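Just query_34.cif here, mmCIF, C-alpha atoms:
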data_model
loop_
_atom_site.group_PDB
_atom_site.id
_atom_site.type_symbol
_atom_site.label_atom_id
_atom_site.label_comp_id
_atom_site.auth_asym_id
_atom_site.auth_seq_id
_atom_site.Cartn_x
_atom_site.Cartn_y
_atom_site.Cartn_z
ATOM 1 C CA MET C 1 -17.164 2.157 9.609
ATOM 2 C CA THR C 2 -18.259 4.953 7.289
ATOM 3 C CA GLU C 3 -20.415 7.559 8.956
ATOM 4 C CA ALA C 4 -19.842 5.916 12.332
ATOM 5 C CA GLY C 5 -20.273 8.582 14.922
ATOM 6 C CA ALA C 6 -20.845 11.245 12.331
ATOM 7 C CA GLY C 7 -23.480 13.856 12.870
ATOM 8 C CA SER C 8 -25.661 15.288 10.154
ATOM 9 C CA THR C 9 -23.277 17.769 8.571
ATOM 10 C CA GLY C 10 -20.231 19.853 9.199
ATOM 11 C CA ALA C 11 -16.863 19.430 10.839
ATOM 12 C CA SER C 12 -18.263 20.478 14.202
ATOM 13 C CA ALA C 13 -20.477 17.379 14.259
ATOM 14 C CA VAL C 14 -17.583 14.900 14.151
ATOM 15 C CA PRO C 15 -15.197 14.053 16.951
ATOM 16 C CA GLU C 16 -11.591 15.083 17.170
ATOM 17 C CA GLY C 17 -8.946 12.385 16.998
ATOM 18 C CA VAL C 18 -7.029 10.978 19.952
ATOM 19 C CA ALA C 19 -3.227 10.811 20.130
ATOM 20 C CA LEU C 20 -1.826 7.348 19.512
ATOM 21 C CA THR C 21 0.245 5.361 21.989
ATOM 22 C CA VAL C 22 3.674 5.331 20.369
ATOM 23 C CA ASP C 23 6.655 2.976 20.551
ATOM 24 C CA ASP C 24 9.523 5.467 20.336
ATOM 25 C CA ASP C 25 12.117 2.820 19.463
ATOM 26 C CA LEU C 26 10.066 1.667 16.486
ATOM 27 C CA LEU C 27 9.380 5.258 15.492
ATOM 28 C CA GLY C 28 13.134 5.582 15.038
ATOM 29 C CA VAL C 29 13.080 2.699 12.568
ATOM 30 C CA VAL C 30 11.396 4.831 9.903
ATOM 31 C CA ASP C 31 14.139 5.755 7.453
ATOM 32 C CA PHE C 32 13.023 9.059 5.952
ATOM 33 C CA ALA C 33 16.584 9.846 4.853
ATOM 34 C CA LYS C 34 16.559 7.046 2.274
ATOM 35 C CA ASP C 35 14.429 9.201 -0.008
ATOM 36 C CA ALA C 36 15.833 12.437 -1.457
ATOM 37 C CA ASP C 37 12.694 14.299 -0.395
ATOM 38 C CA GLY C 38 12.465 12.659 3.025
ATOM 39 C CA LEU C 39 9.198 10.924 2.174
ATOM 40 C CA VAL C 40 7.857 7.402 2.621
ATOM 41 C CA PRO C 41 4.679 5.993 1.072
ATOM 42 C CA ALA C 42 1.836 5.525 3.549
ATOM 43 C CA ILE C 43 -0.645 2.838 2.583
ATOM 44 C CA VAL C 44 -3.974 3.711 4.142
ATOM 45 C CA GLN C 45 -6.054 0.625 4.835
ATOM 46 C CA ASP C 46 -9.590 0.353 6.187
ATOM 47 C CA ALA C 47 -9.293 -1.151 9.674
ATOM 48 C CA ALA C 48 -12.719 -2.735 9.370
ATOM 49 C CA ASP C 49 -12.385 -4.783 6.187
ATOM 50 C CA GLY C 50 -8.797 -4.384 4.929
ATOM 51 C CA THR C 51 -9.591 -2.412 1.786
ATOM 52 C CA VAL C 52 -6.573 -0.419 0.605
ATOM 53 C CA LEU C 53 -8.106 3.052 0.463
ATOM 54 C CA THR C 54 -5.298 5.260 -0.785
ATOM 55 C CA VAL C 55 -1.556 5.751 -0.982
ATOM 56 C CA ALA C 56 -0.101 9.091 0.071
ATOM 57 C CA TYR C 57 3.237 10.294 1.404
ATOM 58 C CA MET C 58 4.502 11.241 4.848
ATOM 59 C CA ASP C 59 7.659 12.948 5.988
ATOM 60 C CA ALA C 60 8.705 12.970 9.633
ATOM 61 C CA GLU C 61 6.462 15.929 10.423
ATOM 62 C CA ALA C 62 3.386 14.413 8.761
ATOM 63 C CA LEU C 63 3.918 11.206 10.729
ATOM 64 C CA ARG C 64 4.388 13.217 13.931
ATOM 65 C CA ARG C 65 1.111 15.043 13.331
ATOM 66 C CA THR C 66 -0.687 11.779 12.528
ATOM 67 C CA LEU C 67 0.497 10.158 15.759
ATOM 68 C CA ALA C 68 -0.244 13.278 17.816
ATOM 69 C CA THR C 69 -3.745 13.915 16.456
ATOM 70 C CA GLY C 70 -5.030 10.427 15.674
ATOM 71 C CA ARG C 71 -6.010 11.600 12.207
ATOM 72 C CA SER C 72 -4.073 11.115 8.996
ATOM 73 C CA TRP C 73 -1.715 13.869 7.843
ATOM 74 C CA PHE C 74 0.262 13.677 4.595
ATOM 75 C CA TYR C 75 2.703 15.723 2.550
ATOM 76 C CA SER C 76 1.698 16.574 -0.992
ATOM 77 C CA ARG C 77 4.534 16.093 -3.463
ATOM 78 C CA SER C 78 2.840 18.277 -6.087
ATOM 79 C CA ARG C 79 1.568 21.089 -3.853
ATOM 80 C CA LYS C 80 4.539 20.843 -1.479
ATOM 81 C CA GLU C 81 2.408 21.268 1.608
ATOM 82 C CA TYR C 82 0.922 19.293 4.468
ATOM 83 C CA TRP C 83 -2.670 18.211 4.253
ATOM 84 C CA GLN C 84 -5.015 16.457 6.625
ATOM 85 C CA LYS C 85 -7.414 13.984 5.038
ATOM 86 C CA GLY C 86 -10.983 15.218 5.343
ATOM 87 C CA GLU C 87 -10.097 18.792 6.265
ATOM 88 C CA THR C 88 -11.996 20.125 3.261
ATOM 89 C CA SER C 89 -14.137 17.113 2.272
ATOM 90 C CA GLY C 90 -15.119 16.053 5.777
ATOM 91 C CA ASP C 91 -14.124 12.485 4.880
ATOM 92 C CA ARG C 92 -11.832 12.039 7.857
ATOM 93 C CA GLN C 93 -9.566 9.138 8.710
ATOM 94 C CA TYR C 94 -9.252 8.218 12.394
ATOM 95 C CA VAL C 95 -6.119 6.169 12.947
ATOM 96 C CA ARG C 96 -6.138 2.828 14.736
ATOM 97 C CA GLU C 97 -2.626 1.675 13.990
ATOM 98 C CA VAL C 98 0.571 2.658 12.186
ATOM 99 C CA ARG C 99 2.950 -0.090 11.059
ATOM 100 C CA VAL C 100 6.429 0.113 9.549
ATOM 101 C CA ASP C 101 7.946 -2.371 7.128
ATOM 102 C CA CYS C 102 11.091 -4.476 7.465
ATOM 103 C CA ASP C 103 13.456 -1.932 5.936
ATOM 104 C CA GLY C 104 11.777 1.145 7.359
ATOM 105 C CA ASP C 105 10.778 2.833 4.124
ATOM 106 C CA ALA C 106 7.017 2.298 3.980
ATOM 107 C CA LEU C 107 4.093 2.638 6.388
ATOM 108 C CA VAL C 108 0.688 1.027 6.707
ATOM 109 C CA VAL C 109 -1.939 3.194 8.395
ATOM 110 C CA LEU C 110 -5.079 1.409 9.575
ATOM 111 C CA VAL C 111 -8.019 3.791 9.818
ATOM 112 C CA ASP C 112 -11.684 4.186 10.468
ATOM 113 C CA GLN C 113 -12.801 6.001 7.319
ATOM 114 C CA HIS C 114 -15.484 8.605 7.951
ATOM 115 C CA GLY C 115 -17.824 10.051 5.346
ATOM 116 C CA ARG C 116 -18.075 8.957 1.727
ATOM 117 C CA GLY C 117 -14.665 7.393 1.495
ATOM 118 C CA ALA C 118 -11.036 8.083 0.814
ATOM 119 C CA CYS C 119 -11.064 9.107 -2.847
ATOM 120 C CA HIS C 120 -11.617 12.643 -4.074
ATOM 121 C CA THR C 121 -13.741 11.185 -6.903
ATOM 122 C CA GLY C 122 -16.361 10.055 -4.404
ATOM 123 C CA GLU C 123 -15.356 6.398 -4.578
ATOM 124 C CA ARG C 124 -14.664 4.650 -1.299
ATOM 125 C CA THR C 125 -11.169 3.589 -2.398
ATOM 126 C CA CYS C 126 -8.812 5.285 -4.841
ATOM 127 C CA PHE C 127 -8.138 1.814 -6.318
ATOM 128 C CA PHE C 128 -11.535 1.382 -7.988
ATOM 129 C CA ARG C 129 -10.208 0.389 -11.440
ATOM 130 C CA THR C 130 -8.894 -3.056 -12.355
ATOM 131 C CA ILE C 131 -6.199 -3.300 -15.025
ATOM 132 C CA GLY C 132 -5.882 -7.074 -15.077
ATOM 133 C CA THR C 133 -7.319 -10.238 -13.599
ATOM 134 C CA GLY C 134 -5.978 -13.767 -13.324
ATOM 135 C CA PRO C 135 -6.496 -17.079 -11.573
ATOM 136 C CA GLY C 136 -3.789 -16.694 -8.935
ATOM 137 C CA VAL C 137 -2.246 -20.111 -8.309
ATOM 138 C CA PRO C 138 -3.206 -22.007 -11.451
ATOM 139 C CA ALA C 139 -4.702 -25.478 -11.439
ATOM 140 C CA ARG C 140 -2.297 -28.235 -12.453
ATOM 141 C CA MET R 1 -3.329 -19.506 0.577
ATOM 142 C CA THR R 2 0.236 -20.196 1.633
ATOM 143 C CA GLU R 3 1.635 -23.459 0.321
ATOM 144 C CA ALA R 4 -1.478 -23.979 -1.791
ATOM 145 C CA GLY R 5 -0.482 -26.188 -4.632
ATOM 146 C CA ALA R 6 3.137 -26.306 -3.540
ATOM 147 C CA GLY R 7 5.029 -29.529 -3.692
ATOM 148 C CA SER R 8 7.618 -30.599 -1.167
ATOM 149 C CA THR R 9 10.585 -28.537 -2.262
ATOM 150 C CA GLY R 10 12.123 -26.722 -5.169
ATOM 151 C CA ALA R 11 10.997 -24.437 -7.917
ATOM 152 C CA SER R 12 10.153 -27.354 -10.174
ATOM 153 C CA ALA R 13 7.442 -28.426 -7.743
ATOM 154 C CA VAL R 14 5.421 -25.248 -8.056
ATOM 155 C CA PRO R 15 3.297 -24.178 -10.983
ATOM 156 C CA GLU R 16 4.098 -21.412 -13.434
ATOM 157 C CA GLY R 17 1.924 -18.364 -13.479
ATOM 158 C CA VAL R 18 -0.781 -17.601 -16.021
ATOM 159 C CA ALA R 19 -0.970 -14.362 -18.020
ATOM 160 C CA LEU R 20 -3.602 -11.964 -16.770
ATOM 161 C CA THR R 21 -6.554 -10.729 -18.810
ATOM 162 C CA VAL R 22 -5.712 -7.069 -19.344
ATOM 163 C CA ASP R 23 -7.801 -3.962 -19.977
ATOM 164 C CA ASP R 24 -5.517 -2.057 -22.339
ATOM 165 C CA ASP R 25 -7.303 1.254 -21.868
ATOM 166 C CA LEU R 26 -6.815 1.089 -18.112
ATOM 167 C CA LEU R 27 -3.230 -0.026 -18.579
ATOM 168 C CA GLY R 28 -2.662 3.313 -20.280
ATOM 169 C CA VAL R 29 -3.896 5.105 -17.165
ATOM 170 C CA VAL R 30 -0.728 4.233 -15.258
ATOM 171 C CA ASP R 31 1.347 7.401 -15.235
ATOM 172 C CA PHE R 32 4.941 6.211 -14.967
ATOM 173 C CA ALA R 33 6.223 9.541 -16.291
ATOM 174 C CA LYS R 34 5.123 11.389 -13.163
ATOM 175 C CA ASP R 35 8.112 9.952 -11.308
ATOM 176 C CA ALA R 36 11.651 10.926 -12.345
ATOM 177 C CA ASP R 37 12.684 7.260 -12.345
ATOM 178 C CA GLY R 38 9.526 6.024 -14.058
ATOM 179 C CA LEU R 39 8.416 4.052 -11.012
ATOM 180 C CA VAL R 40 5.150 3.651 -9.147
ATOM 181 C CA PRO R 41 4.678 1.952 -5.760
ATOM 182 C CA ALA R 42 2.979 -1.438 -5.966
ATOM 183 C CA ILE R 43 1.127 -2.436 -2.812
ATOM 184 C CA VAL R 44 1.031 -6.207 -2.667
ATOM 185 C CA GLN R 45 -1.995 -7.480 -0.797
ATOM 186 C CA ASP R 46 -2.955 -11.032 0.109
ATOM 187 C CA ALA R 47 -6.025 -11.879 -1.984
ATOM 188 C CA ALA R 48 -7.289 -14.271 0.674
ATOM 189 C CA ASP R 49 -7.414 -12.053 3.766
ATOM 190 C CA GLY R 50 -6.394 -8.532 2.698
ATOM 191 C CA THR R 51 -3.102 -8.391 4.594
ATOM 192 C CA VAL R 52 -0.752 -5.815 3.077
ATOM 193 C CA LEU R 53 2.290 -7.997 2.455
ATOM 194 C CA THR R 54 4.862 -5.633 1.007
ATOM 195 C CA VAL R 55 5.435 -2.462 -0.956
ATOM 196 C CA ALA R 56 7.786 -2.563 -3.921
ATOM 197 C CA TYR R 57 8.188 -0.589 -7.140
ATOM 198 C CA MET R 58 7.267 -1.224 -10.754
ATOM 199 C CA ASP R 59 8.211 0.537 -13.933
ATOM 200 C CA ALA R 60 6.400 -0.129 -17.210
ATOM 201 C CA GLU R 61 8.516 -3.203 -17.929
ATOM 202 C CA ALA R 62 8.000 -4.730 -14.465
ATOM 203 C CA LEU R 63 4.250 -4.257 -14.833
ATOM 204 C CA ARG R 64 4.352 -5.780 -18.323
ATOM 205 C CA ARG R 65 6.199 -8.833 -16.989
ATOM 206 C CA THR R 66 3.769 -9.144 -14.075
ATOM 207 C CA LEU R 67 0.744 -9.094 -16.374
ATOM 208 C CA ALA R 68 2.378 -11.467 -18.883
ATOM 209 C CA THR R 69 3.569 -14.063 -16.367
ATOM 210 C CA GLY R 70 0.939 -13.903 -13.615
ATOM 211 C CA ARG R 71 3.706 -13.565 -11.042
ATOM 212 C CA SER R 72 4.956 -10.368 -9.434
ATOM 213 C CA TRP R 73 7.939 -8.564 -10.952
ATOM 214 C CA PHE R 74 9.453 -5.431 -9.459
ATOM 215 C CA TYR R 75 12.268 -2.995 -10.064
ATOM 216 C CA SER R 76 14.797 -2.554 -7.279
ATOM 217 C CA ARG R 77 15.676 1.092 -6.664
ATOM 218 C CA SER R 78 18.867 0.169 -4.800
ATOM 219 C CA ARG R 79 20.142 -2.639 -7.046
ATOM 220 C CA LYS R 80 18.757 -1.037 -10.212
ATOM 221 C CA GLU R 81 17.531 -4.315 -11.604
ATOM 222 C CA TYR R 82 14.369 -6.304 -12.142
ATOM 223 C CA TRP R 83 13.504 -9.024 -9.676
ATOM 224 C CA GLN R 84 10.757 -11.585 -9.486
ATOM 225 C CA LYS R 85 9.394 -12.293 -6.029
ATOM 226 C CA GLY R 86 10.261 -15.829 -4.969
ATOM 227 C CA GLU R 87 12.873 -16.432 -7.647
ATOM 228 C CA THR R 88 15.527 -17.129 -5.017
ATOM 229 C CA SER R 89 13.402 -17.734 -1.896
ATOM 230 C CA GLY R 90 10.678 -19.801 -3.543
ATOM 231 C CA ASP R 91 8.086 -17.592 -1.849
ATOM 232 C CA ARG R 92 6.228 -16.806 -5.035
ATOM 233 C CA GLN R 93 3.323 -14.434 -5.577
ATOM 234 C CA TYR R 94 0.656 -15.501 -8.073
ATOM 235 C CA VAL R 95 -1.342 -12.508 -9.197
ATOM 236 C CA ARG R 96 -5.122 -12.407 -9.081
ATOM 237 C CA GLU R 97 -5.693 -8.751 -9.809
ATOM 238 C CA VAL R 98 -3.894 -5.483 -10.514
ATOM 239 C CA ARG R 99 -5.664 -2.206 -9.696
ATOM 240 C CA VAL R 100 -4.668 1.386 -10.414
ATOM 241 C CA ASP R 101 -5.562 4.396 -8.306
ATOM 242 C CA CYS R 102 -7.499 7.519 -9.250
ATOM 243 C CA ASP R 103 -4.511 9.539 -10.404
ATOM 244 C CA GLY R 104 -2.600 6.649 -11.944
ATOM 245 C CA ASP R 105 0.493 6.742 -9.780
ATOM 246 C CA ALA R 106 0.055 3.710 -7.514
ATOM 247 C CA LEU R 107 -0.916 0.056 -7.985
ATOM 248 C CA VAL R 108 -2.519 -2.588 -5.777
ATOM 249 C CA VAL R 109 -1.535 -6.151 -6.649
ATOM 250 C CA LEU R 110 -3.716 -8.880 -5.162
ATOM 251 C CA VAL R 111 -1.816 -12.158 -4.889
ATOM 252 C CA ASP R 112 -1.848 -15.715 -3.661
ATOM 253 C CA GLN R 113 1.302 -15.774 -1.539
ATOM 254 C CA HIS R 114 3.179 -19.060 -1.755
ATOM 255 C CA GLY R 115 5.719 -20.340 0.759
ATOM 256 C CA ARG R 116 6.600 -18.700 4.060
ATOM 257 C CA GLY R 117 5.418 -15.257 3.146
ATOM 258 C CA ALA R 118 6.414 -12.006 1.508
ATOM 259 C CA CYS R 119 9.158 -10.736 3.818
ATOM 260 C CA HIS R 120 12.826 -11.633 3.475
ATOM 261 C CA THR R 121 12.969 -11.836 7.302
ATOM 262 C CA GLY R 122 10.699 -14.878 7.268
ATOM 263 C CA GLU R 123 7.642 -12.957 8.461
ATOM 264 C CA ARG R 124 4.485 -13.310 6.417
ATOM 265 C CA THR R 125 4.185 -9.538 5.922
ATOM 266 C CA CYS R 126 6.911 -6.906 5.806
ATOM 267 C CA PHE R 127 4.685 -4.776 8.070
ATOM 268 C CA PHE R 128 5.110 -6.850 11.224
ATOM 269 C CA ARG R 129 6.020 -3.953 13.541
ATOM 270 C CA THR R 130 3.527 -1.505 15.052
ATOM 271 C CA ILE R 131 4.708 2.048 15.767
ATOM 272 C CA GLY R 132 1.496 3.345 17.276
ATOM 273 C CA THR R 133 -2.005 2.305 18.277
ATOM 274 C CA GLY R 134 -5.154 4.297 18.927
ATOM 275 C CA PRO R 135 -8.910 3.985 19.300
ATOM 276 C CA GLY R 136 -9.894 5.066 15.799
ATOM 277 C CA VAL R 137 -13.113 7.040 16.023
ATOM 278 C CA PRO R 138 -13.191 8.090 19.684
ATOM 279 C CA ALA R 139 -16.196 7.716 21.941
ATOM 280 C CA ARG R 140 -18.053 10.974 22.604
#
For the file at hand, write its structure as structure tokens.
Amino acid sequence: MTEAGAGSTGASAVPEGVALTVDDDLLGVVDFAKDADGLVPAIVQDAADGTVLTVAYMDAEALRRTLATGRSWFYSRSRKEYWQKGETSGDRQYVREVRVDCDGDALVVLVDQHGRGACHTGERTCFFRTIGTGPGVPAR
Amino acid sequence: MTEAGAGSTGASAVPEGVALTVDDDLLGVVDFAKDADGLVPAIVQDAADGTVLTVAYMDAEALRRTLATGRSWFYSRSRKEYWQKGETSGDRQYVREVRVDCDGDALVVLVDQHGRGACHTGERTCFFRTIGTGPGVPAR
């Protein structure tokens, strides 16, 4: 979905996001208090092909902004500030779905990834390096 | 890939894992020291269809065991102990690939998921609940 709907250049050439339809009961399932800093990991996954693009962190406010704007907002643990993906790079993430896990301490965010990709290096995914490979279920 | 290679019942009916082929230079990229507890999130993804199955945590020893055994090992933040997925449930994860992200503080683990699935609830994925849905890139 990269470049889908994107104009030639500039933030003005791309559409704004649209607020998500939210299940308030499930929103309450997210257990931000479990973490000392009130954060949960948000796994950002390409809605088109399932590639895991990046992992970042959300607190309650970052999740609220994500749901309200339809674009991904995170909280930076190192810079201690909110940031919206693509705000400086233009590589925006338009959200299709937000899921919560069984114990409420992790999120999956399915997105349409605009622009080059999710990684600040220019790669499409932040997970572009493979440490190890194996056969999976071995033959017997 | 569920049930692939699995016998009727019992741990003895399923194969052991196989050690992964490891890139030692890339292994050194993983920055466990960034976190106070020496942990990084490990996003476990189904190698067959890309479903994000679960998020758990690894320290250096859990990653070492995962690479050495070809099955997923984690460290429990609440129980403060190592655990191997499927050891009690039988729902084992055989590892096909381990990837590290750009800044070395998150892992993606691609697995063949044996048995019912990854979630202790009996669901295939821990992320079986949807908080919000949206259109992704909106029409203009």
| message | Starting from the PyMOL selection byres ((chain C) within 8 of (chain R)), expand the selection into actual residues of this file and give them as a VMD selection string. | response | chain C and resid 4 to 5 15 to 24 26 to 27 41 43 49 to 52 54 to 55 67 70 94 to 102 106 to 108 111 to 112 119 121 126 to 138 140
Superimposed copy of chain C on chain R by least squares over C-alpha atoms, as a compact mmCIF listing (two decimals) with C-alpha atoms, keeping the file's coordinate frame:
# COMPACT_ATOMS: atom_id res chain seq x y z
CA MET C 1 -3.26 -19.51 0.62
CA THR C 2 0.32 -20.20 1.70
CA GLU C 3 1.68 -23.48 0.43
CA ALA C 4 -1.44 -24.00 -1.67
CA GLY C 5 -0.46 -26.20 -4.53
CA ALA C 6 3.14 -26.29 -3.46
CA GLY C 7 5.08 -29.49 -3.65
CA SER C 8 7.66 -30.58 -1.14
CA THR C 9 10.63 -28.51 -2.24
CA GLY C 10 12.15 -26.72 -5.16
CA ALA C 11 11.00 -24.41 -7.91
CA SER C 12 10.17 -27.35 -10.16
CA ALA C 13 7.44 -28.45 -7.74
CA VAL C 14 5.40 -25.25 -8.05
CA PRO C 15 3.28 -24.17 -10.99
CA GLU C 16 4.11 -21.44 -13.43
CA GLY C 17 1.91 -18.36 -13.48
CA VAL C 18 -0.78 -17.61 -16.04
CA ALA C 19 -0.97 -14.36 -18.03
CA LEU C 20 -3.61 -11.96 -16.79
CA THR C 21 -6.56 -10.72 -18.83
CA VAL C 22 -5.71 -7.05 -19.35
CA ASP C 23 -7.79 -3.93 -19.98
CA ASP C 24 -5.50 -2.04 -22.35
CA ASP C 25 -7.30 1.28 -21.88
CA LEU C 26 -6.81 1.11 -18.12
CA LEU C 27 -3.22 -0.02 -18.58
CA GLY C 28 -2.66 3.33 -20.29
CA VAL C 29 -3.89 5.12 -17.17
CA VAL C 30 -0.72 4.25 -15.25
CA ASP C 31 1.36 7.42 -15.22
CA PHE C 32 4.95 6.22 -14.96
CA ALA C 33 6.23 9.55 -16.29
CA LYS C 34 5.13 11.39 -13.15
CA ASP C 35 8.12 9.96 -11.30
CA ALA C 36 11.66 10.93 -12.33
CA ASP C 37 12.68 7.27 -12.33
CA GLY C 38 9.53 6.04 -14.05
CA LEU C 39 8.42 4.06 -11.01
CA VAL C 40 5.15 3.65 -9.14
CA PRO C 41 4.68 1.96 -5.76
CA ALA C 42 2.98 -1.43 -5.96
CA ILE C 43 1.12 -2.43 -2.82
CA VAL C 44 1.04 -6.21 -2.67
CA GLN C 45 -2.00 -7.47 -0.80
CA ASP C 46 -2.97 -11.03 0.11
CA ALA C 47 -6.03 -11.87 -1.99
CA ALA C 48 -7.29 -14.27 0.66
CA ASP C 49 -7.43 -12.06 3.75
CA GLY C 50 -6.40 -8.53 2.69
CA THR C 51 -3.11 -8.39 4.58
CA VAL C 52 -0.76 -5.81 3.07
CA LEU C 53 2.28 -8.00 2.45
CA THR C 54 4.86 -5.64 1.00
CA VAL C 55 5.43 -2.46 -0.96
CA ALA C 56 7.79 -2.56 -3.93
CA TYR C 57 8.19 -0.58 -7.14
CA MET C 58 7.28 -1.23 -10.75
CA ASP C 59 8.21 0.54 -13.95
CA ALA C 60 6.39 -0.14 -17.20
CA GLU C 61 8.50 -3.20 -17.93
CA ALA C 62 8.00 -4.73 -14.47
CA LEU C 63 4.25 -4.26 -14.83
CA ARG C 64 4.36 -5.78 -18.32
CA ARG C 65 6.19 -8.83 -17.00
CA THR C 66 3.77 -9.16 -14.08
CA LEU C 67 0.74 -9.10 -16.38
CA ALA C 68 2.38 -11.46 -18.89
CA THR C 69 3.57 -14.06 -16.37
CA GLY C 70 0.95 -13.89 -13.63
CA ARG C 71 3.70 -13.55 -11.06
CA SER C 72 4.94 -10.37 -9.44
CA TRP C 73 7.93 -8.58 -10.97
CA PHE C 74 9.45 -5.42 -9.47
CA TYR C 75 12.28 -2.99 -10.06
CA SER C 76 14.80 -2.55 -7.28
CA ARG C 77 15.68 1.09 -6.67
CA SER C 78 18.87 0.17 -4.80
CA ARG C 79 20.14 -2.64 -7.03
CA LYS C 80 18.76 -1.04 -10.21
CA GLU C 81 17.53 -4.32 -11.61
CA TYR C 82 14.35 -6.31 -12.13
CA TRP C 83 13.48 -9.02 -9.68
CA GLN C 84 10.74 -11.59 -9.50
CA LYS C 85 9.38 -12.31 -6.03
CA GLY C 86 10.24 -15.85 -4.98
CA GLU C 87 12.86 -16.44 -7.66
CA THR C 88 15.51 -17.14 -5.03
CA SER C 89 13.39 -17.75 -1.91
CA GLY C 90 10.69 -19.82 -3.56
CA ASP C 91 8.08 -17.62 -1.86
CA ARG C 92 6.22 -16.81 -5.05
CA GLN C 93 3.31 -14.45 -5.58
CA TYR C 94 0.65 -15.52 -8.09
CA VAL C 95 -1.35 -12.51 -9.21
CA ARG C 96 -5.14 -12.40 -9.09
CA GLU C 97 -5.70 -8.75 -9.82
CA VAL C 98 -3.90 -5.48 -10.52
CA ARG C 99 -5.66 -2.21 -9.70
CA VAL C 100 -4.67 1.39 -10.43
CA ASP C 101 -5.56 4.40 -8.32
CA CYS C 102 -7.50 7.53 -9.26
CA ASP C 103 -4.50 9.55 -10.42
CA GLY C 104 -2.60 6.66 -11.96
CA ASP C 105 0.49 6.74 -9.77
CA ALA C 106 0.05 3.71 -7.52
CA LEU C 107 -0.92 0.06 -7.98
CA VAL C 108 -2.52 -2.58 -5.79
CA VAL C 109 -1.54 -6.15 -6.65
CA LEU C 110 -3.72 -8.89 -5.16
CA VAL C 111 -1.83 -12.16 -4.88
CA ASP C 112 -1.87 -15.70 -3.68
CA GLN C 113 1.28 -15.79 -1.55
CA HIS C 114 3.16 -19.08 -1.78
CA GLY C 115 5.70 -20.35 0.73
CA ARG C 116 6.59 -18.72 4.02
CA GLY C 117 5.41 -15.26 3.14
CA ALA C 118 6.40 -12.02 1.51
CA CYS C 119 9.14 -10.74 3.81
CA HIS C 120 12.80 -11.64 3.47
CA THR C 121 12.96 -11.86 7.29
CA GLY C 122 10.68 -14.89 7.25
CA GLU C 123 7.63 -12.97 8.45
CA ARG C 124 4.47 -13.32 6.41
CA THR C 125 4.16 -9.55 5.91
CA CYS C 126 6.89 -6.92 5.80
CA PHE C 127 4.66 -4.77 8.06
CA PHE C 128 5.10 -6.86 11.22
CA ARG C 129 6.01 -3.96 13.54
CA THR C 130 3.53 -1.51 15.05
CA ILE C 131 4.71 2.03 15.77
CA GLY C 132 1.49 3.33 17.28
CA THR C 133 -2.00 2.31 18.28
CA GLY C 134 -5.16 4.29 18.92
CA PRO C 135 -8.91 3.98 19.30
CA GLY C 136 -9.88 5.07 15.80
CA VAL C 137 -13.12 7.04 16.02
CA PRO C 138 -13.17 8.08 19.67
CA ALA C 139 -16.19 7.71 21.92
CA ARG C 140 -18.01 10.96 22.65
| message | Just the number, please: distance in Å from CA of Ala48 (chain C) to CA of Thr69 (chain C), one decimal. | response |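 CA of Thr69 (chain C) lies 20.2 Å from CA of Ala48 (chain C).
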| field | Contacts of region 79-84 of chain C within 10 Å, all atoms listed in the file, excl. fewer than 4 positions in-chain, as a PyMOL selection string | value | chain C and resi 57-59+61-62+65-66+71-75+88+92-93
| said: Between CA of Gly86 (chain R) and CA of Ala33 (chain C), what is the distance in Å, rounded to a tenth? | reply: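 Taking CA of Gly86 (chain R) as the start and CA of Ala33 (chain C) as the end point, the length is 28.2 Å.
Nearest-residue note for Gly90 (chain R): choosing from R:Ala36, R:Leu63, R:Gly122, R:Ser78, the minimum distance belongs to R:Gly122, counting only C-alpha atoms.
Taking CA of Arg77 (chain R) as the reference point, CA of Ala60 (chain C) is found at 21.3 Å.
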